[in-house]
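Asker: What follows is target_37.cif, mmCIF, C-alpha atoms and all ligand atoms.
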```
data_query
#
loop_
_atom_site.label_atom_id
_atom_site.label_comp_id
_atom_site.auth_asym_id
_atom_site.auth_seq_id
_atom_site.Cartn_x
_atom_site.Cartn_y
_atom_site.Cartn_z
CA MET A 22 11.42 -17.17 29.62
CA LEU A 23 10.23 -13.61 30.18
CA ARG A 24 13.35 -12.36 28.40
CA LEU A 25 12.60 -14.60 25.41
CA ASN A 26 9.01 -13.33 25.23
CA ILE A 27 10.18 -9.73 25.32
CA LEU A 28 12.70 -10.47 22.56
CA ILE A 29 10.04 -12.08 20.37
CA THR A 30 7.70 -9.10 20.91
CA ILE A 31 10.45 -6.64 19.95
CA LEU A 32 11.27 -8.65 16.81
CA LYS A 33 7.61 -8.76 15.77
CA LEU A 34 7.15 -5.04 16.36
CA ARG A 35 10.21 -4.38 14.21
CA LEU A 36 8.82 -6.59 11.48
CA MET A 37 5.44 -4.82 11.54
CA ASN A 38 7.11 -1.44 11.45
CA ASN A 39 9.15 -2.52 8.48
CA SER A 40 6.18 -3.93 6.59
CA ARG A 41 4.38 -0.61 7.06
CA MET A 42 7.35 1.08 5.41
CA VAL A 43 7.36 -1.28 2.44
CA LYS A 44 5.80 0.30 -0.65
CA VAL A 45 4.92 -1.26 -3.96
CA SER A 46 6.13 0.46 -7.08
CA LEU A 47 5.86 -0.30 -10.79
CA LEU A 48 8.82 0.59 -12.99
CA SER A 49 9.08 0.77 -16.77
CA LEU A 50 12.46 -0.29 -18.22
CA GLY A 51 13.58 0.41 -21.76
CA SER A 52 16.70 0.02 -23.88
CA ASN A 53 17.60 0.69 -27.51
CA LEU A 54 21.42 0.73 -27.48
CA GLY A 55 23.82 -2.22 -27.41
CA ASN A 56 22.54 -5.62 -26.33
CA ARG A 57 19.07 -4.47 -25.38
CA LYS A 58 17.85 -7.68 -23.74
CA LYS A 59 21.05 -8.05 -21.75
CA ASN A 60 20.75 -4.43 -20.65
CA ILE A 61 17.23 -5.02 -19.37
CA GLN A 62 18.34 -8.20 -17.61
CA ASN A 63 21.37 -6.51 -16.02
CA CYS A 64 19.20 -3.62 -14.94
CA ILE A 65 16.73 -5.94 -13.20
CA HIS A 66 19.68 -7.63 -11.47
CA SER A 67 21.06 -4.27 -10.34
CA ILE A 68 17.67 -3.19 -9.01
CA ASN A 69 17.19 -6.49 -7.21
CA ASN A 70 20.68 -6.24 -5.71
CA CYS A 71 19.84 -2.93 -4.02
CA LYS A 72 19.61 -3.28 -0.27
CA ASN A 73 16.19 -1.67 -0.02
CA ILE A 74 14.51 -3.11 -3.10
CA LYS A 75 13.09 -6.50 -3.95
CA VAL A 76 11.90 -7.32 -7.48
CA VAL A 77 8.65 -9.27 -7.11
CA ALA A 78 7.39 -9.56 -10.71
CA VAL A 79 8.73 -9.10 -14.23
CA SER A 80 6.66 -8.85 -17.44
CA SER A 81 7.64 -10.30 -20.80
CA LEU A 82 9.86 -8.18 -22.98
CA TYR A 83 8.16 -6.15 -25.73
CA GLU A 84 9.76 -4.68 -28.84
CA SER A 85 8.44 -1.58 -30.53
CA SER A 86 9.35 1.26 -32.87
CA PRO A 87 10.58 4.43 -31.19
CA MET A 88 8.10 7.17 -30.30
CA TYR A 89 8.71 10.92 -30.35
CA ASN A 90 12.20 10.77 -31.93
CA LEU A 91 11.70 8.32 -34.81
CA ASN A 92 15.30 8.38 -36.00
CA GLN A 93 16.65 5.69 -33.69
CA GLN A 94 16.69 1.92 -33.19
CA ASP A 95 13.67 -0.04 -31.94
CA TYR A 96 13.21 -0.36 -28.21
CA ILE A 97 12.85 -3.32 -25.90
CA ASN A 98 10.72 -2.62 -22.85
CA CYS A 99 9.22 -4.33 -19.85
CA VAL A 100 7.49 -3.47 -16.61
CA ILE A 101 8.59 -4.73 -13.22
CA GLU A 102 6.99 -4.65 -9.82
CA ILE A 103 9.17 -3.92 -6.82
CA GLU A 104 8.79 -3.69 -3.07
CA THR A 105 10.90 -0.99 -1.50
CA THR A 106 11.46 0.95 1.68
CA LEU A 107 13.01 3.83 -0.30
CA LYS A 108 11.02 7.07 -0.40
CA PRO A 109 10.05 8.20 -3.95
CA LEU A 110 12.88 10.70 -4.48
CA LYS A 111 15.45 8.26 -3.10
CA LEU A 112 14.09 5.62 -5.47
CA LEU A 113 14.45 8.05 -8.40
CA LYS A 114 18.06 8.83 -7.40
CA ASN A 115 18.80 5.14 -6.98
CA ASN A 116 17.39 4.41 -10.47
CA GLN A 117 19.39 7.25 -12.01
CA LEU A 118 22.58 5.90 -10.46
CA ILE A 119 21.87 2.49 -11.99
CA GLU A 120 21.24 4.20 -15.37
CA LYS A 121 24.58 6.02 -15.04
CA ASN A 122 26.48 2.89 -14.02
CA MET A 123 25.03 1.13 -17.05
CA GLY A 124 26.49 3.73 -19.38
CA ARG A 125 23.47 5.98 -19.84
CA VAL A 126 24.67 9.30 -21.14
CA ARG A 127 22.22 12.12 -20.51
CA SER A 128 22.06 14.70 -23.27
CA LEU A 129 20.26 18.00 -23.13
CA SER A 130 17.69 16.94 -25.71
CA ARG A 131 15.10 14.37 -24.70
CA ASN A 132 14.18 11.04 -26.29
CA GLN A 133 17.71 10.16 -27.33
CA PRO A 134 18.91 6.54 -27.69
CA ARG A 135 19.78 5.01 -24.34
CA THR A 136 21.34 1.85 -22.91
CA ILE A 137 18.74 1.91 -20.17
CA ASP A 138 15.84 4.04 -19.03
CA ILE A 139 14.07 3.48 -15.72
CA ASP A 140 10.80 5.32 -15.18
CA ILE A 141 8.67 5.19 -12.05
CA LEU A 142 5.11 4.46 -13.18
CA THR A 143 3.43 4.22 -9.78
CA TYR A 144 4.41 4.35 -6.11
CA ASN A 145 1.72 2.75 -3.95
CA SER A 146 -1.32 4.87 -4.88
CA GLU A 147 0.49 8.13 -4.28
CA ILE A 148 0.25 11.17 -6.50
CA ILE A 149 3.54 13.07 -6.58
CA ASN A 150 4.05 16.38 -8.33
CA GLU A 151 7.61 17.38 -7.55
CA GLU A 152 9.72 19.37 -9.99
CA ASN A 153 11.82 16.32 -10.91
CA LEU A 154 9.34 13.55 -10.15
CA ARG A 155 5.79 13.07 -11.34
CA VAL A 156 3.94 9.92 -10.29
CA PRO A 157 1.94 8.29 -11.78
CA HIS A 158 4.22 8.85 -14.76
CA PRO A 159 2.39 11.38 -16.96
CA ARG A 160 2.92 9.55 -20.25
CA ILE A 161 1.72 6.06 -19.24
CA PHE A 162 -1.51 6.39 -21.23
CA GLU A 163 0.05 7.22 -24.60
CA ARG A 164 2.65 4.44 -24.48
CA LYS A 165 1.78 0.95 -25.66
CA PHE A 166 5.21 -0.19 -24.55
CA VAL A 167 4.09 0.61 -21.00
CA LEU A 168 0.41 -0.36 -21.18
CA ASN A 169 0.93 -3.83 -22.69
CA PRO A 170 3.44 -5.12 -20.12
CA LEU A 171 1.48 -3.36 -17.39
CA PHE A 172 -1.71 -5.18 -18.43
CA GLU A 173 0.18 -8.48 -18.56
CA LEU A 174 1.46 -7.97 -15.02
CA LYS A 175 -1.42 -6.24 -13.25
CA GLY A 176 -4.51 -6.53 -15.48
CA ASN A 177 -6.83 -3.54 -15.31
CA ILE A 178 -5.01 -1.94 -12.41
CA VAL A 179 -6.41 1.44 -11.41
CA ILE A 180 -3.88 4.19 -11.98
CA PRO A 181 -4.57 7.18 -9.72
CA GLY A 182 -6.09 10.02 -11.77
CA ASN A 183 -7.37 7.78 -14.57
CA ASP A 184 -10.73 6.02 -14.76
CA LYS A 185 -10.24 4.10 -18.04
CA LYS A 186 -9.49 0.40 -18.18
CA ILE A 187 -5.94 -0.42 -19.28
CA GLU A 188 -7.25 -2.85 -21.93
CA ASP A 189 -9.52 -0.15 -23.41
CA LEU A 190 -6.59 2.26 -23.57
CA ILE A 191 -4.57 -0.42 -25.41
CA LYS A 192 -7.43 -0.99 -27.89
CA GLU A 193 -7.64 2.75 -28.59
CA LEU A 194 -3.89 2.96 -29.25
CA ASP A 195 -3.96 -0.22 -31.40
CA LYS A 196 -6.38 1.53 -33.76
CA LYS A 197 -3.91 4.36 -34.28
CA SER A 198 -0.59 2.55 -34.75
CA ASP A 199 1.20 -0.77 -35.23
CA LYS A 200 0.64 -3.45 -32.64
CA ILE A 201 3.52 -3.93 -30.27
CA ARG A 202 5.59 -7.12 -30.62
CA GLN A 203 5.83 -9.38 -27.60
CA CYS A 204 9.28 -11.03 -27.59
CA LYS A 205 9.70 -14.72 -26.95
CA TYR A 206 12.22 -13.91 -24.22
CA LYS A 207 11.00 -13.88 -20.68
CA ILE A 208 13.17 -13.04 -17.74
CA ASN A 209 12.83 -15.73 -15.12
CA GLU A 210 11.77 -14.05 -11.91
CA LYS A 211 13.21 -16.74 -9.66
CA ASP A 212 16.83 -16.46 -10.73
CA LEU A 213 16.36 -13.40 -12.95
CA SER A 214 18.02 -15.19 -15.84
CA TYR A 215 16.83 -15.73 -19.39
CA SER A 216 14.73 -18.52 -20.73
CA SER A 217 13.46 -18.50 -24.28
P1 LIG B 1 12.40 10.16 -20.37
O1 LIG B 1 12.29 9.02 -19.41
O2 LIG B 1 11.17 11.04 -20.39
O3 LIG B 1 12.80 9.72 -21.73
P2 LIG B 1 14.70 10.93 -18.83
O4 LIG B 1 14.88 9.50 -18.41
O5 LIG B 1 15.91 11.64 -19.36
O6 LIG B 1 13.57 11.11 -19.90
O7 LIG B 1 14.12 11.69 -17.59
C1 LIG B 1 14.01 13.07 -17.59
C2 LIG B 1 13.60 13.54 -16.22
O8 LIG B 1 12.30 13.05 -15.90
C3 LIG B 1 14.46 13.04 -15.07
O9 LIG B 1 15.48 13.93 -14.78
C4 LIG B 1 13.47 12.90 -13.91
O10 LIG B 1 13.77 13.82 -12.88
C5 LIG B 1 12.15 13.24 -14.53
N1 LIG B 1 11.01 12.45 -14.07
C6 LIG B 1 9.80 12.97 -13.73
N2 LIG B 1 8.94 12.04 -13.37
C7 LIG B 1 9.61 10.85 -13.48
C8 LIG B 1 9.23 9.50 -13.24
N3 LIG B 1 7.99 9.17 -12.82
N4 LIG B 1 10.15 8.53 -13.45
C9 LIG B 1 11.40 8.85 -13.88
N5 LIG B 1 11.81 10.11 -14.14
C10 LIG B 1 10.94 11.12 -13.93
MG MG B 2 13.38 8.13 -17.84
#
```
Show me the file's structure as structure tokens.
Ligand code: ADP
Ligand code: MG
Answerer:
Amino acid sequence: MLRLNILITILKLRLMNNSRMVKVSLLSLGSNLGNRKKNIQNCIHSINNCKNIKVVAVSSLYESSPMYNLNQQDYINCVIEIETTLKPLKLLKNNQLIEKNMGRVRSLSRNQPRTIDIDILTYNSEIINEENLRVPHPRIFERKFVLNPLFELKGNIVIPGNDKKIEDLIKELDKKSDKIRQCKYKINEKDLSYSS
């Protein structure tokens, strides 16, 4: 009996330790090459299949014209919420490996068409300013394709370093450019498959 109690205590302690290591992160996914919806779906599957990551929420898909480099196809984007025990730089590396495996070719110039792009928007409420990783992602506030799915998923979530409401930021951007198009496709979070 004593042995069983000790075993249960050890298991619980392990569980608590693990839950303290679990962080919540929001990721922005985007694709504008090939079958864009399929790419997003496959990417979510790949992320969810990682040993140290669990996908807990997926926004609708949104379609929008390209920003920055206008001479390319329209994008499909979404935002997902994950739970992970990976540290931020490990998560970045993990995401980059998934991008590579999905045929992402990195060119020297930025904003080129891509099969898949995975950006880390937030990592708990941490502020990270490493050479190759900035969190919260510095361009969240100028991107409707991030703000709209983010608002759908998390409402007026507070992003560290910003005191404006997400919906007010969206309204400001809506005044300046075309509204973003919400697709009728939604990735089913339970089996991560499509339903339309
Ligand atoms: P972008 O997403 O800006 O179109 P890339 O996907 O090619 O461009 O990423 C360029 C670099 O941005 C990566 O090598 C990565 O190290 C860096 N980076 C900095 N902060 C982040 C972040 N929060 N999420 C993803 N990449 C980031
Ligand atoms: Mg990126």
Asker: At a cut-off of 6 Å around ligand MG 2 (chain B), and using all atoms listed in the file, what residues come up? Please write them as a ChimeraX atom specification.
Answerer: /A:138-140
Asker: Name the residues, by chain letter and number, that sit within 8 Å of ligand LIG 1 (chain B) using all atoms listed in the file, and give them as a PyMOL selection string.
Answerer: chain A and resi 113+127-128+131-133+138-143+151-159
Asker: Tell me which protein, DNA and RNA residues are within 7 Å of A:Ile201, counting only C-alpha atoms, leaving out same-chain ones fewer than 3 positions away, and put them as a VMD selection string.
Answerer: chain A and resid 83 to 85 165
Asker: Could you list, as a ChimeraX atom specification, every residue within 12 Å of stretch 44-46 of chain A, counting only C-alpha atoms and ignoring same-chain residues fewer than 5 positions away?
Answerer: /A:39,73-78,100-109,112-113,140-147,156-158,171,175,180
Asker: Any idea what's packed within 12 Å of A:Ile187, counting all atoms listed in the file, ignoring anything in its chain fewer than 3 positions away? Could you give it as a PyMOL selection string?
Answerer: chain A and resi 161-165+167-180+183-184+190-194
Asker: Quick one: distance from atom CA of A:Lys185 to atom CA of A:Ser81 in Å, one decimal?
Answerer: 23.1 Å
Asker: Atom CA of A:Asn63 to atom CA of A:Gln94: how many Å, to one decimal?
Answerer: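 A separation of 19.7 Å between them.
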Asker: So, with only C-alpha atoms as the atoms that count, which of A:Gln203, A:Ser198, A:Asn209, A:Ser80 lies closest to A:Tyr96?
Answerer: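 Looking at the shortest contact to A:Tyr96, the residue is A:Gln203.
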Asker: Kindly give the distance, in Å, that separates atom CA of A:Met42 and atom CA of A:Asn150, rounded to a single decimal.
Answerer: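 Computing the Euclidean distance for atom CA of A:Met42 and atom CA of A:Asn150 yields 20.8 Å.
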Asker: Give me, as a list in words, all polymer residues having an atom no more than 7 Å from A:Leu54, counting only C-alpha atoms and skipping those fewer than 4 positions away in the same chain.
Answerer: Pro134, Arg135 and Thr136 of chain A
Asker: Mind working out the centre and edge lengths of an axis-aligned box for stretch 108-121 of chain A, all listed atoms inside, 5 Å added to each side, rounded to one decimal in Å and written as AutoDock Vina command-line options?
Answerer:
```
--center_x 17.3 --center_y 6.6 --center_z -7.9 --size_x 24.5 --size_y 18.2 --size_z 25.0
```
Asker: Using only C-alpha atoms, can you tell me which of A:Ser130, A:Asn56, A:Asn69, A:Gln62 comes closest to A:Asn116?
Answerer: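 Smallest separation from A:Asn116 among the options: A:Asn69.
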